[in-house]
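Printed here is input_9.pdb (PDB, C-alpha atoms, pLDDT in the B column):
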```
ATOM      1  CA  MET B  16      21.014   2.305  93.609  1.00 61.00           C
ATOM      2  CA  HIS B  17      19.448   1.615  90.214  1.00 64.00           C
ATOM      3  CA  ARG B  18      22.256   3.488  88.441  1.00 66.00           C
ATOM      4  CA  PHE B  19      24.855   1.639  90.521  1.00 63.00           C
ATOM      5  CA  PHE B  20      23.527  -1.744  89.416  1.00 60.00           C
ATOM      6  CA  SER B  21      23.172  -0.565  85.818  1.00 68.00           C
ATOM      7  CA  LEU B  22      26.937   0.058  85.880  1.00 71.00           C
ATOM      8  CA  LEU B  23      27.793  -3.015  87.947  1.00 73.00           C
ATOM      9  CA  PHE B  24      26.130  -5.638  85.755  1.00 76.00           C
ATOM     10  CA  PRO B  25      28.042  -4.782  82.538  1.00 79.00           C
ATOM     11  CA  LEU B  26      31.309  -4.668  84.507  1.00 81.00           C
ATOM     12  CA  VAL B  27      30.612  -8.132  85.897  1.00 86.00           C
ATOM     13  CA  SER B  28      29.914  -9.426  82.386  1.00 86.00           C
ATOM     14  CA  LEU B  29      33.143  -7.857  81.144  1.00 85.00           C
ATOM     15  CA  ALA B  30      35.114  -9.412  83.995  1.00 90.00           C
ATOM     16  CA  VAL B  31      33.657 -12.852  83.209  1.00 92.00           C
ATOM     17  CA  LEU B  32      34.549 -12.494  79.516  1.00 91.00           C
ATOM     18  CA  VAL B  33      38.114 -11.453  80.364  1.00 90.00           C
ATOM     19  CA  LEU B  34      38.425 -14.399  82.748  1.00 93.00           C
ATOM     20  CA  ILE B  35      37.188 -16.833  80.085  1.00 94.00           C
ATOM     21  CA  TRP B  36      39.605 -15.256  77.612  1.00 91.00           C
ATOM     22  CA  ASP B  37      42.541 -15.612  79.982  1.00 91.00           C
ATOM     23  CA  VAL B  38      41.723 -19.208  80.962  1.00 93.00           C
ATOM     24  CA  SER B  39      41.185 -20.245  77.331  1.00 91.00           C
ATOM     25  CA  VAL B  40      44.552 -18.828  76.275  1.00 89.00           C
ATOM     26  CA  ARG B  41      46.308 -20.700  79.070  1.00 89.00           C
ATOM     27  CA  VAL B  42      44.452 -24.019  78.789  1.00 89.00           C
ATOM     28  CA  PHE B  43      44.685 -24.309  74.994  1.00 88.00           C
ATOM     29  CA  SER B  44      48.203 -22.774  74.830  1.00 86.00           C
ATOM     30  CA  VAL B  45      47.201 -20.253  72.212  1.00 85.00           C
ATOM     31  CA  PRO B  46      50.317 -18.461  70.896  1.00 86.00           C
ATOM     32  CA  ASP B  47      50.586 -14.705  71.420  1.00 82.00           C
ATOM     33  CA  TYR B  48      50.697 -14.013  67.681  1.00 81.00           C
ATOM     34  CA  LEU B  49      47.172 -15.438  67.370  1.00 84.00           C
ATOM     35  CA  LEU B  50      45.507 -14.274  70.570  1.00 87.00           C
ATOM     36  CA  PRO B  51      47.408 -12.357  73.258  1.00 90.00           C
ATOM     37  CA  PRO B  52      46.436 -12.852  76.914  1.00 92.00           C
ATOM     38  CA  PRO B  53      44.497 -10.038  78.600  1.00 92.00           C
ATOM     39  CA  ALA B  54      47.577  -9.120  80.654  1.00 92.00           C
ATOM     40  CA  ALA B  55      49.522  -8.313  77.456  1.00 92.00           C
ATOM     41  CA  VAL B  56      46.704  -6.072  76.216  1.00 92.00           C
ATOM     42  CA  PHE B  57      46.529  -4.247  79.551  1.00 93.00           C
ATOM     43  CA  ARG B  58      50.304  -3.794  79.480  1.00 93.00           C
ATOM     44  CA  ALA B  59      50.047  -2.277  75.995  1.00 92.00           C
ATOM     45  CA  LEU B  60      47.402   0.118  77.281  1.00 93.00           C
ATOM     46  CA  ARG B  61      49.444   0.993  80.364  1.00 93.00           C
ATOM     47  CA  ASP B  62      52.614   1.587  78.365  1.00 92.00           C
ATOM     48  CA  GLY B  63      50.743   3.622  75.749  1.00 92.00           C
ATOM     49  CA  PHE B  64      49.234   5.912  78.363  1.00 92.00           C
ATOM     50  CA  SER B  65      52.417   6.185  80.408  1.00 92.00           C
ATOM     51  CA  ASP B  66      54.602   7.216  77.461  1.00 91.00           C
ATOM     52  CA  GLN B  67      51.823   9.457  76.036  1.00 90.00           C
ATOM     53  CA  SER B  68      51.855   7.613  72.693  1.00 90.00           C
ATOM     54  CA  LEU B  69      48.147   6.716  72.739  1.00 93.00           C
ATOM     55  CA  TRP B  70      46.743  10.168  73.428  1.00 94.00           C
ATOM     56  CA  PRO B  71      47.372  11.637  69.928  1.00 94.00           C
ATOM     57  CA  HIS B  72      45.660   8.645  68.316  1.00 95.00           C
ATOM     58  CA  ILE B  73      42.682   8.875  70.680  1.00 95.00           C
ATOM     59  CA  ALA B  74      42.375  12.637  70.190  1.00 95.00           C
ATOM     60  CA  MET B  75      42.477  12.315  66.404  1.00 95.00           C
ATOM     61  CA  THR B  76      39.833   9.578  66.231  1.00 95.00           C
ATOM     62  CA  VAL B  77      37.529  11.292  68.740  1.00 95.00           C
ATOM     63  CA  GLY B  78      37.902  14.641  66.958  1.00 95.00           C
ATOM     64  CA  GLU B  79      37.120  13.208  63.522  1.00 94.00           C
ATOM     65  CA  THR B  80      34.232  11.174  64.863  1.00 95.00           C
ATOM     66  CA  LEU B  81      32.704  14.052  66.813  1.00 96.00           C
ATOM     67  CA  ALA B  82      32.994  16.555  63.966  1.00 96.00           C
ATOM     68  CA  GLY B  83      31.525  14.210  61.368  1.00 96.00           C
ATOM     69  CA  TYR B  84      28.838  13.025  63.773  1.00 96.00           C
ATOM     70  CA  ILE B  85      27.666  16.565  64.548  1.00 96.00           C
ATOM     71  CA  ILE B  86      27.633  17.631  60.886  1.00 97.00           C
ATOM     72  CA  GLY B  87      25.930  14.431  59.738  1.00 95.00           C
ATOM     73  CA  SER B  88      23.331  14.613  62.507  1.00 96.00           C
ATOM     74  CA  LEU B  89      22.448  18.240  61.785  1.00 97.00           C
ATOM     75  CA  LEU B  90      22.120  17.564  58.052  1.00 95.00           C
ATOM     76  CA  ALA B  91      20.054  14.441  58.723  1.00 95.00           C
ATOM     77  CA  VAL B  92      17.566  16.235  60.987  1.00 95.00           C
ATOM     78  CA  LEU B  93      17.258  19.285  58.735  1.00 95.00           C
ATOM     79  CA  LEU B  94      16.798  17.291  55.525  1.00 94.00           C
ATOM     80  CA  GLY B  95      14.500  14.867  57.335  1.00 93.00           C
ATOM     81  CA  ILE B  96      12.251  17.737  58.407  1.00 94.00           C
ATOM     82  CA  VAL B  97      12.171  19.230  54.898  1.00 93.00           C
ATOM     83  CA  LEU B  98      11.440  15.876  53.261  1.00 92.00           C
ATOM     84  CA  ALA B  99       8.730  14.951  55.772  1.00 91.00           C
ATOM     85  CA  GLU B 100       7.031  18.311  55.205  1.00 89.00           C
ATOM     86  CA  SER B 101       7.401  18.518  51.422  1.00 88.00           C
ATOM     87  CA  GLN B 102       6.200  15.810  49.032  1.00 86.00           C
ATOM     88  CA  MET B 103       7.795  17.643  46.108  1.00 87.00           C
ATOM     89  CA  PHE B 104      11.181  17.609  47.814  1.00 86.00           C
ATOM     90  CA  GLU B 105      10.719  13.890  48.503  1.00 84.00           C
ATOM     91  CA  ARG B 106      10.044  13.118  44.849  1.00 88.00           C
ATOM     92  CA  PHE B 107      13.187  14.891  43.669  1.00 88.00           C
ATOM     93  CA  VAL B 108      15.677  14.121  46.440  1.00 87.00           C
ATOM     94  CA  TYR B 109      14.748  10.884  48.212  1.00 86.00           C
ATOM     95  CA  PRO B 110      15.753   8.539  45.344  1.00 89.00           C
ATOM     96  CA  LEU B 111      19.161  10.239  45.202  1.00 88.00           C
ATOM     97  CA  LEU B 112      19.641   9.777  48.944  1.00 87.00           C
ATOM     98  CA  ILE B 113      18.709   6.103  48.651  1.00 87.00           C
ATOM     99  CA  ALA B 114      21.267   5.685  45.873  1.00 88.00           C
ATOM    100  CA  LEU B 115      23.922   7.393  47.986  1.00 83.00           C
ATOM    101  CA  GLN B 116      23.133   5.157  50.951  1.00 82.00           C
ATOM    102  CA  ALA B 117      23.231   2.023  48.768  1.00 85.00           C
ATOM    103  CA  THR B 118      26.719   2.900  47.565  1.00 84.00           C
ATOM    104  CA  PRO B 119      29.385   1.286  49.788  1.00 84.00           C
ATOM    105  CA  LYS B 120      31.227   4.048  51.590  1.00 81.00           C
ATOM    106  CA  VAL B 121      34.528   2.222  51.156  1.00 80.00           C
ATOM    107  CA  ALA B 122      34.048   2.612  47.402  1.00 83.00           C
ATOM    108  CA  LEU B 123      33.590   6.358  47.898  1.00 86.00           C
ATOM    109  CA  GLY B 124      36.730   6.562  50.051  1.00 84.00           C
ATOM    110  CA  PRO B 125      39.241   7.049  47.199  1.00 87.00           C
ATOM    111  CA  ILE B 126      37.011   9.676  45.570  1.00 90.00           C
ATOM    112  CA  ILE B 127      36.685  11.532  48.867  1.00 90.00           C
ATOM    113  CA  LEU B 128      40.473  11.432  49.285  1.00 89.00           C
ATOM    114  CA  VAL B 129      40.940  12.976  45.832  1.00 90.00           C
ATOM    115  CA  TRP B 130      38.384  15.709  46.515  1.00 92.00           C
ATOM    116  CA  PHE B 131      39.233  16.568  50.125  1.00 91.00           C
ATOM    117  CA  GLY B 132      42.856  15.487  50.441  1.00 89.00           C
ATOM    118  CA  PHE B 133      44.589  13.161  52.859  1.00 87.00           C
ATOM    119  CA  GLY B 134      44.017  15.292  55.948  1.00 88.00           C
ATOM    120  CA  VAL B 135      41.275  15.476  58.529  1.00 91.00           C
ATOM    121  CA  ALA B 136      38.648  16.874  56.124  1.00 93.00           C
ATOM    122  CA  SER B 137      38.295  13.620  54.168  1.00 92.00           C
ATOM    123  CA  LYS B 138      37.793  11.653  57.391  1.00 93.00           C
ATOM    124  CA  ILE B 139      35.082  14.043  58.573  1.00 94.00           C
ATOM    125  CA  VAL B 140      33.281  13.802  55.229  1.00 94.00           C
ATOM    126  CA  LEU B 141      33.280  10.000  55.336  1.00 93.00           C
ATOM    127  CA  VAL B 142      32.003   9.980  58.929  1.00 95.00           C
ATOM    128  CA  THR B 143      29.270  12.422  57.934  1.00 95.00           C
ATOM    129  CA  LEU B 144      28.121  10.180  55.091  1.00 93.00           C
ATOM    130  CA  VAL B 145      28.154   7.042  57.228  1.00 92.00           C
ATOM    131  CA  CYS B 146      26.103   8.375  60.151  1.00 92.00           C
ATOM    132  CA  PHE B 147      23.693  10.500  58.078  1.00 93.00           C
ATOM    133  CA  PHE B 148      21.124   8.035  56.743  1.00 92.00           C
ATOM    134  CA  PRO B 149      19.854   6.211  59.883  1.00 92.00           C
ATOM    135  CA  LEU B 150      19.066   9.477  61.640  1.00 94.00           C
ATOM    136  CA  PHE B 151      17.561  10.898  58.454  1.00 94.00           C
ATOM    137  CA  VAL B 152      15.156   7.956  58.092  1.00 92.00           C
ATOM    138  CA  ASN B 153      14.265   8.025  61.800  1.00 94.00           C
ATOM    139  CA  THR B 154      13.517  11.746  61.610  1.00 95.00           C
ATOM    140  CA  VAL B 155      11.211  11.334  58.615  1.00 93.00           C
ATOM    141  CA  ASN B 156       9.399   8.341  60.092  1.00 92.00           C
ATOM    142  CA  GLY B 157       9.066   9.973  63.509  1.00 92.00           C
ATOM    143  CA  ILE B 158       7.525  13.149  62.101  1.00 93.00           C
ATOM    144  CA  ARG B 159       5.124  11.226  59.867  1.00 91.00           C
ATOM    145  CA  ARG B 160       3.967   9.041  62.754  1.00 90.00           C
ATOM    146  CA  THR B 161       2.636  12.021  64.677  1.00 89.00           C
ATOM    147  CA  ASP B 162      -0.864  11.405  66.024  1.00 89.00           C
ATOM    148  CA  VAL B 163      -3.305  12.559  63.327  1.00 90.00           C
ATOM    149  CA  GLU B 164      -6.037  13.343  65.860  1.00 90.00           C
ATOM    150  CA  LEU B 165      -3.660  15.588  67.786  1.00 89.00           C
ATOM    151  CA  LEU B 166      -2.749  17.435  64.588  1.00 90.00           C
ATOM    152  CA  ASP B 167      -6.409  17.857  63.675  1.00 89.00           C
ATOM    153  CA  THR B 168      -7.172  19.218  67.130  1.00 90.00           C
ATOM    154  CA  CYS B 169      -4.388  21.796  66.828  1.00 91.00           C
ATOM    155  CA  ARG B 170      -5.567  22.792  63.348  1.00 88.00           C
ATOM    156  CA  ALA B 171      -9.052  23.267  64.728  1.00 89.00           C
ATOM    157  CA  PHE B 172      -7.577  25.992  66.951  1.00 86.00           C
ATOM    158  CA  SER B 173      -5.893  27.601  63.909  1.00 85.00           C
ATOM    159  CA  ALA B 174      -2.383  26.393  64.760  1.00 87.00           C
ATOM    160  CA  SER B 175       0.129  27.411  62.100  1.00 89.00           C
ATOM    161  CA  ARG B 176       2.291  24.968  60.166  1.00 87.00           C
ATOM    162  CA  TYR B 177       5.389  26.107  62.059  1.00 89.00           C
ATOM    163  CA  TYR B 178       3.637  25.665  65.388  1.00 90.00           C
ATOM    164  CA  LEU B 179       2.634  22.125  64.432  1.00 91.00           C
ATOM    165  CA  LEU B 180       6.201  21.320  63.385  1.00 91.00           C
ATOM    166  CA  PHE B 181       8.058  22.681  66.404  1.00 90.00           C
ATOM    167  CA  HIS B 182       5.472  22.055  69.130  1.00 89.00           C
ATOM    168  CA  VAL B 183       3.777  18.847  67.988  1.00 91.00           C
ATOM    169  CA  LYS B 184       5.657  16.913  65.293  1.00 92.00           C
ATOM    170  CA  LEU B 185       9.245  17.314  66.517  1.00 92.00           C
ATOM    171  CA  PRO B 186       8.403  16.497  70.168  1.00 91.00           C
ATOM    172  CA  SER B 187       6.510  13.456  68.904  1.00 90.00           C
ATOM    173  CA  ALA B 188       9.504  12.393  66.790  1.00 92.00           C
ATOM    174  CA  ALA B 189      12.099  13.089  69.489  1.00 92.00           C
ATOM    175  CA  GLY B 190      12.295   9.448  70.571  1.00 91.00           C
ATOM    176  CA  ASP B 191      12.942   8.296  66.999  1.00 93.00           C
ATOM    177  CA  ILE B 192      15.521  11.038  66.505  1.00 94.00           C
ATOM    178  CA  PHE B 193      17.464  10.001  69.582  1.00 94.00           C
ATOM    179  CA  ALA B 194      17.289   6.357  68.493  1.00 92.00           C
ATOM    180  CA  GLY B 195      18.915   7.434  65.239  1.00 93.00           C
ATOM    181  CA  LEU B 196      21.504   9.413  67.183  1.00 95.00           C
ATOM    182  CA  GLN B 197      22.466   6.303  69.164  1.00 93.00           C
ATOM    183  CA  ILE B 198      22.867   4.279  65.977  1.00 92.00           C
ATOM    184  CA  GLY B 199      24.924   7.105  64.515  1.00 93.00           C
ATOM    185  CA  VAL B 200      27.475   6.940  67.339  1.00 93.00           C
ATOM    186  CA  ALA B 201      28.594   3.437  66.369  1.00 89.00           C
ATOM    187  CA  LEU B 202      28.448   4.176  62.644  1.00 92.00           C
ATOM    188  CA  ALA B 203      30.473   7.372  63.077  1.00 94.00           C
ATOM    189  CA  LEU B 204      33.253   5.410  64.776  1.00 93.00           C
ATOM    190  CA  ILE B 205      33.182   2.848  61.970  1.00 91.00           C
ATOM    191  CA  GLY B 206      33.457   5.627  59.404  1.00 92.00           C
ATOM    192  CA  ALA B 207      36.398   7.209  61.210  1.00 93.00           C
ATOM    193  CA  VAL B 208      38.283   3.911  61.455  1.00 93.00           C
ATOM    194  CA  VAL B 209      37.637   3.045  57.801  1.00 90.00           C
ATOM    195  CA  ALA B 210      38.887   6.491  56.775  1.00 91.00           C
ATOM    196  CA  GLU B 211      42.026   6.017  58.886  1.00 91.00           C
ATOM    197  CA  PHE B 212      42.603   2.622  57.285  1.00 89.00           C
ATOM    198  CA  LEU B 213      42.558   4.287  53.873  1.00 85.00           C
ATOM    199  CA  SER B 214      44.919   7.135  54.687  1.00 83.00           C
ATOM    200  CA  ALA B 215      46.093   8.530  57.997  1.00 82.00           C
ATOM    201  CA  GLN B 216      49.144   9.324  60.072  1.00 87.00           C
ATOM    202  CA  ARG B 217      47.356   9.253  63.405  1.00 90.00           C
ATOM    203  CA  GLY B 218      44.234   7.737  64.903  1.00 92.00           C
ATOM    204  CA  LEU B 219      43.222   4.442  66.436  1.00 93.00           C
ATOM    205  CA  GLY B 220      42.448   3.002  63.006  1.00 92.00           C
ATOM    206  CA  TYR B 221      45.958   3.916  61.880  1.00 93.00           C
ATOM    207  CA  LEU B 222      47.364   2.417  65.095  1.00 93.00           C
ATOM    208  CA  ILE B 223      45.578  -0.896  64.472  1.00 92.00           C
ATOM    209  CA  ALA B 224      46.622  -1.002  60.814  1.00 91.00           C
ATOM    210  CA  SER B 225      50.262  -0.172  61.548  1.00 90.00           C
ATOM    211  CA  SER B 226      50.387  -2.702  64.391  1.00 89.00           C
ATOM    212  CA  SER B 227      49.135  -5.427  62.040  1.00 85.00           C
ATOM    213  CA  VAL B 228      52.251  -4.906  59.923  1.00 83.00           C
ATOM    214  CA  ASN B 229      54.427  -5.663  62.967  1.00 82.00           C
ATOM    215  CA  MET B 230      52.068  -8.456  64.117  1.00 82.00           C
ATOM    216  CA  SER B 231      51.715  -6.679  67.449  1.00 86.00           C
ATOM    217  CA  LEU B 232      48.356  -8.163  68.415  1.00 90.00           C
ATOM    218  CA  SER B 233      48.424  -6.753  71.931  1.00 91.00           C
ATOM    219  CA  THR B 234      48.547  -3.213  70.507  1.00 92.00           C
ATOM    220  CA  MET B 235      45.824  -4.074  68.001  1.00 93.00           C
ATOM    221  CA  PHE B 236      43.579  -5.406  70.769  1.00 94.00           C
ATOM    222  CA  ALA B 237      44.343  -2.302  72.835  1.00 94.00           C
ATOM    223  CA  GLY B 238      43.169  -0.122  69.936  1.00 94.00           C
ATOM    224  CA  VAL B 239      39.999  -2.176  69.535  1.00 94.00           C
ATOM    225  CA  PHE B 240      39.344  -1.933  73.287  1.00 93.00           C
ATOM    226  CA  LEU B 241      39.710   1.849  73.177  1.00 95.00           C
ATOM    227  CA  LEU B 242      37.334   2.078  70.203  1.00 94.00           C
ATOM    228  CA  ALA B 243      34.766   0.010  72.085  1.00 92.00           C
ATOM    229  CA  LEU B 244      35.180   2.199  75.160  1.00 92.00           C
ATOM    230  CA  ILE B 245      34.708   5.381  73.118  1.00 94.00           C
ATOM    231  CA  GLY B 246      31.596   3.907  71.502  1.00 92.00           C
ATOM    232  CA  VAL B 247      30.096   2.934  74.852  1.00 91.00           C
ATOM    233  CA  CYS B 248      30.802   6.378  76.320  1.00 92.00           C
ATOM    234  CA  GLY B 249      29.264   8.083  73.285  1.00 93.00           C
ATOM    235  CA  ALA B 250      26.144   5.927  73.426  1.00 91.00           C
ATOM    236  CA  GLN B 251      25.756   6.571  77.153  1.00 90.00           C
ATOM    237  CA  ILE B 252      26.044  10.325  76.621  1.00 93.00           C
ATOM    238  CA  VAL B 253      23.310  10.200  73.979  1.00 93.00           C
ATOM    239  CA  ARG B 254      21.106   8.109  76.291  1.00 90.00           C
ATOM    240  CA  TRP B 255      21.654  10.621  79.095  1.00 89.00           C
ATOM    241  CA  LEU B 256      20.688  13.471  76.774  1.00 91.00           C
ATOM    242  CA  GLN B 257      17.593  11.542  75.716  1.00 90.00           C
ATOM    243  CA  ARG B 258      16.482  11.140  79.328  1.00 87.00           C
ATOM    244  CA  LYS B 259      16.916  14.879  79.878  1.00 88.00           C
ATOM    245  CA  VAL B 260      15.390  16.104  76.616  1.00 87.00           C
ATOM    246  CA  VAL B 261      12.674  13.512  75.960  1.00 84.00           C
ATOM    247  CA  PHE B 262      11.706  13.256  79.615  1.00 78.00           C
ATOM    248  CA  TRP B 263       8.037  12.597  78.839  1.00 75.00           C
ATOM    249  CA  GLN B 264       9.000   9.299  77.141  1.00 70.00           C
ATOM    250  CA  SER B 265      11.900   8.179  79.340  1.00 56.00           C
ATOM    251  CA  GLY B 266      10.255   8.823  82.668  1.00 50.00           C
ATOM    252  CA  GLY B 267      12.514  11.672  83.808  1.00 44.00           C
TER     253      GLY B 267
END
```

Would you encode the structure as structure tokens?
Amino acid sequence: MHRFFSLLFPLVSLAVLVLIWDVSVRVFSVPDYLLPPPAAVFRALRDGFSDQSLWPHIAMTVGETLAGYIIGSLLAVLLGIVLAESQMFERFVYPLLIALQATPKVALGPIILVWFGFGVASKIVLVTLVCFFPLFVNTVNGIRRTDVELLDTCRAFSASRYYLLFHVKLPSAAGDIFAGLQIGVALALIGAVVAEFLSAQRGLGYLIASSSVNMSLSTMFAGVFLLALIGVCGAQIVRWLQRKVVFWQSGG
């Protein structure tokens, strides 16, 4: 019953927003080229799914996002562990990572295109860079916030450094890591869309950009709706994994 209501409440909110949208368009006579009615957006979605034209764009965006998200997340956790455990590594590498994070990824886009080409590889690299840093910071902070008394107790029983890392520090940081993973889902989608804006032949970002040339706002809104849906599904999957993996913090 709890899960039913957790799904019902957002759907009710969405229905209310769509109703307000539809009524506002009708009452204020907003032209379609400024804000299409919800019915036009739903027709664009229906037509895109019925003629199979949307599936290649969805598959491309999801594939790029997933690949970059996995690579970026693995690198973030691994480097976060090394940096949290090594002060020397922190002194040499952390300032460089801060500089990389401070650099706008859009500015790196043309360089990435030159290095990795106009295909899928450049999109995956940009997604990796975008979703890397939040999870990296969360991993470092989570490991360093491990209870000092618990660590001292384990050391008193001659626990090795590897035992402390894998059995004490990482379980303690798991909540922070999954929080970074949830942030990374949204950022990975942003990275994929930005990369498709720069150069692409398929993808939801390409669909939105190409539709703006034709002033087809219903198709643009359909692309935005699909991106939002993918983001929500990705975040829910990560939350489900968190409940299963970090069960001692989520209550089962």

Using CA of Val142 (chain B) and CA of Gly87 (chain B) as the two end points, give the distance in Å to one decimal.
7.6 Å

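Across the structure, CA of Gln116 (chain B) and CA of Val140 (chain B) are spaced 14.0 Å apart.
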
In Å to one decimal, how far is CA of Met230 (chain B) from CA of Val33 (chain B)?
21.6 Å

Report, as JSON, the centre and edge lengths in Å (one decimal) of the axis-aligned box enclosing every listed atom of region 232-241 of chain B, padded by 6 Å on each side.
```
{"center_x": 43.9, "center_y": -3.2, "center_z": 70.6, "size_x": 21.2, "size_y": 22.0, "size_z": 17.3}
```

Using all atoms listed in the file, determine which residues lie at most 12 Å from Val209 (chain B), disregarding the query and same-chain residues fewer than 2 positions distant; provide the list as an MDAnalysis selection string.
chainID B and resid 76 79:80 119:125 137:142 145 202:207 211:215 218:221 223:224

Got a sec: who's within 7 Å of region 156-160 of chain B, counting only C-alpha atoms, leaving out chain neighbours fewer than 3 positions off, as a PyMOL selection string?
chain B and resi 99+152-153+184-185+187-188+191

Determine, using only C-alpha atoms, which residues of region 210-260 of chain B have any atom at most 8 Å from an atom of region 44-64 of chain B, and tabulate each with its shortest atom pair and distance in Å to one decimal place, rows ordered by chain and then rising number, as a Markdown table.
```
| residue | atom | partner | partner_atom | distance |
| --- | --- | --- | --- | --- |
| B:Met230 | CA | B:Tyr48 | CA | 6.7 |
| B:Ser231 | CA | B:Tyr48 | CA | 7.4 |
| B:Leu232 | CA | B:Tyr48 | CA | 6.3 |
| B:Ser233 | CA | B:Val56 | CA | 4.7 |
| B:Thr234 | CA | B:Ala59 | CA | 5.8 |
| B:Phe236 | CA | B:Val56 | CA | 6.3 |
| B:Ala237 | CA | B:Val56 | CA | 5.6 |
```

Could you list, as a ChimeraX atom specification, every residue within 8 Å of Arg217 (chain B), counting only C-alpha atoms and ignoring same-chain residues fewer than 5 positions away?
/B:71-72,75,211,222

Where does region 139-207 of chain B meet region 251-266 of chain B within 12 Å, residue by residue, with the nearest atom pair and distance in Å to one decimal for each, counting all atoms listed in the file, listed by chain and rising number, as a Markdown table?
```
| residue | atom | partner | partner_atom | distance |
| --- | --- | --- | --- | --- |
| B:Leu185 | CA | B:Val261 | CA | 10.7 |
| B:Pro186 | CA | B:Val261 | CA | 7.8 |
| B:Ser187 | CA | B:Val261 | CA | 9.4 |
| B:Ala188 | CA | B:Val261 | CA | 9.8 |
| B:Ala189 | CA | B:Val261 | CA | 6.5 |
| B:Gly190 | CA | B:Val261 | CA | 6.8 |
| B:Asp191 | CA | B:Val261 | CA | 10.4 |
| B:Ile192 | CA | B:Gln257 | CA | 9.5 |
| B:Phe193 | CA | B:Gln257 | CA | 6.3 |
| B:Ala194 | CA | B:Arg254 | CA | 8.9 |
| B:Gly195 | CA | B:Val253 | CA | 10.2 |
| B:Leu196 | CA | B:Val253 | CA | 7.1 |
| B:Gln197 | CA | B:Val253 | CA | 6.3 |
| B:Ile198 | CA | B:Val253 | CA | 10.0 |
| B:Gly199 | CA | B:Val253 | CA | 10.1 |
| B:Val200 | CA | B:Val253 | CA | 8.5 |
| B:Ala201 | CA | B:Val253 | CA | 11.5 |
```

Find the residues around Leu98 (chain B) up to 12 Å (only C-alpha atoms counted), leave out those fewer than 3 positions away in its own chain, and share them as number ranges by chain.
B: 90-95, 101-110, 112, 151-156, 158-159

Could you write out the selected residues, including C-alpha atoms, as a short mmCIF file (atom, residue, chain, number, x, y, z; two decimals), in the coordinates of the input?
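The resulting file, again25.cif, is shown below:
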```cif
data_model
loop_
_atom_site.label_atom_id
_atom_site.label_comp_id
_atom_site.auth_asym_id
_atom_site.auth_seq_id
_atom_site.Cartn_x
_atom_site.Cartn_y
_atom_site.Cartn_z
CA LEU B 90 22.12 17.56 58.05
CA ALA B 91 20.05 14.44 58.72
CA VAL B 92 17.57 16.24 60.99
CA LEU B 93 17.26 19.28 58.74
CA LEU B 94 16.80 17.29 55.52
CA GLY B 95 14.50 14.87 57.34
CA SER B 101 7.40 18.52 51.42
CA GLN B 102 6.20 15.81 49.03
CA MET B 103 7.80 17.64 46.11
CA PHE B 104 11.18 17.61 47.81
CA GLU B 105 10.72 13.89 48.50
CA ARG B 106 10.04 13.12 44.85
CA PHE B 107 13.19 14.89 43.67
CA VAL B 108 15.68 14.12 46.44
CA TYR B 109 14.75 10.88 48.21
CA PRO B 110 15.75 8.54 45.34
CA LEU B 112 19.64 9.78 48.94
CA PHE B 151 17.56 10.90 58.45
CA VAL B 152 15.16 7.96 58.09
CA ASN B 153 14.26 8.02 61.80
CA THR B 154 13.52 11.75 61.61
CA VAL B 155 11.21 11.33 58.62
CA ASN B 156 9.40 8.34 60.09
CA ILE B 158 7.52 13.15 62.10
CA ARG B 159 5.12 11.23 59.87
#
```

Taking into account only C-alpha atoms, which residue in the set B:Val247, B:Glu100, B:Ser226, B:Leu241 is nearest to Leu179 (chain B)?
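For Leu179 (chain B), the nearest of the given residues is B:Glu100.
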
What do you get, as a list in words, if you spell out every residue that the PyMOL selection byres ((chain B and resi 165) around 12) selects here?
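In the shown coordinates, the PyMOL selection byres ((chain B and resi 165) around 12) covers Arg160, Thr161, Asp162, Val163, Glu164, Leu166, Asp167, Thr168, Cys169, Arg170, Ala171, Phe172, Ala174, Leu179, His182, Val183, Lys184 and Ser187 of chain B.
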
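Distances here use only C-alpha atoms; by that measure, the residue among B:Leu144, B:Val42, B:Leu23, B:Val77 closest to Val208 (chain B) is B:Val77.
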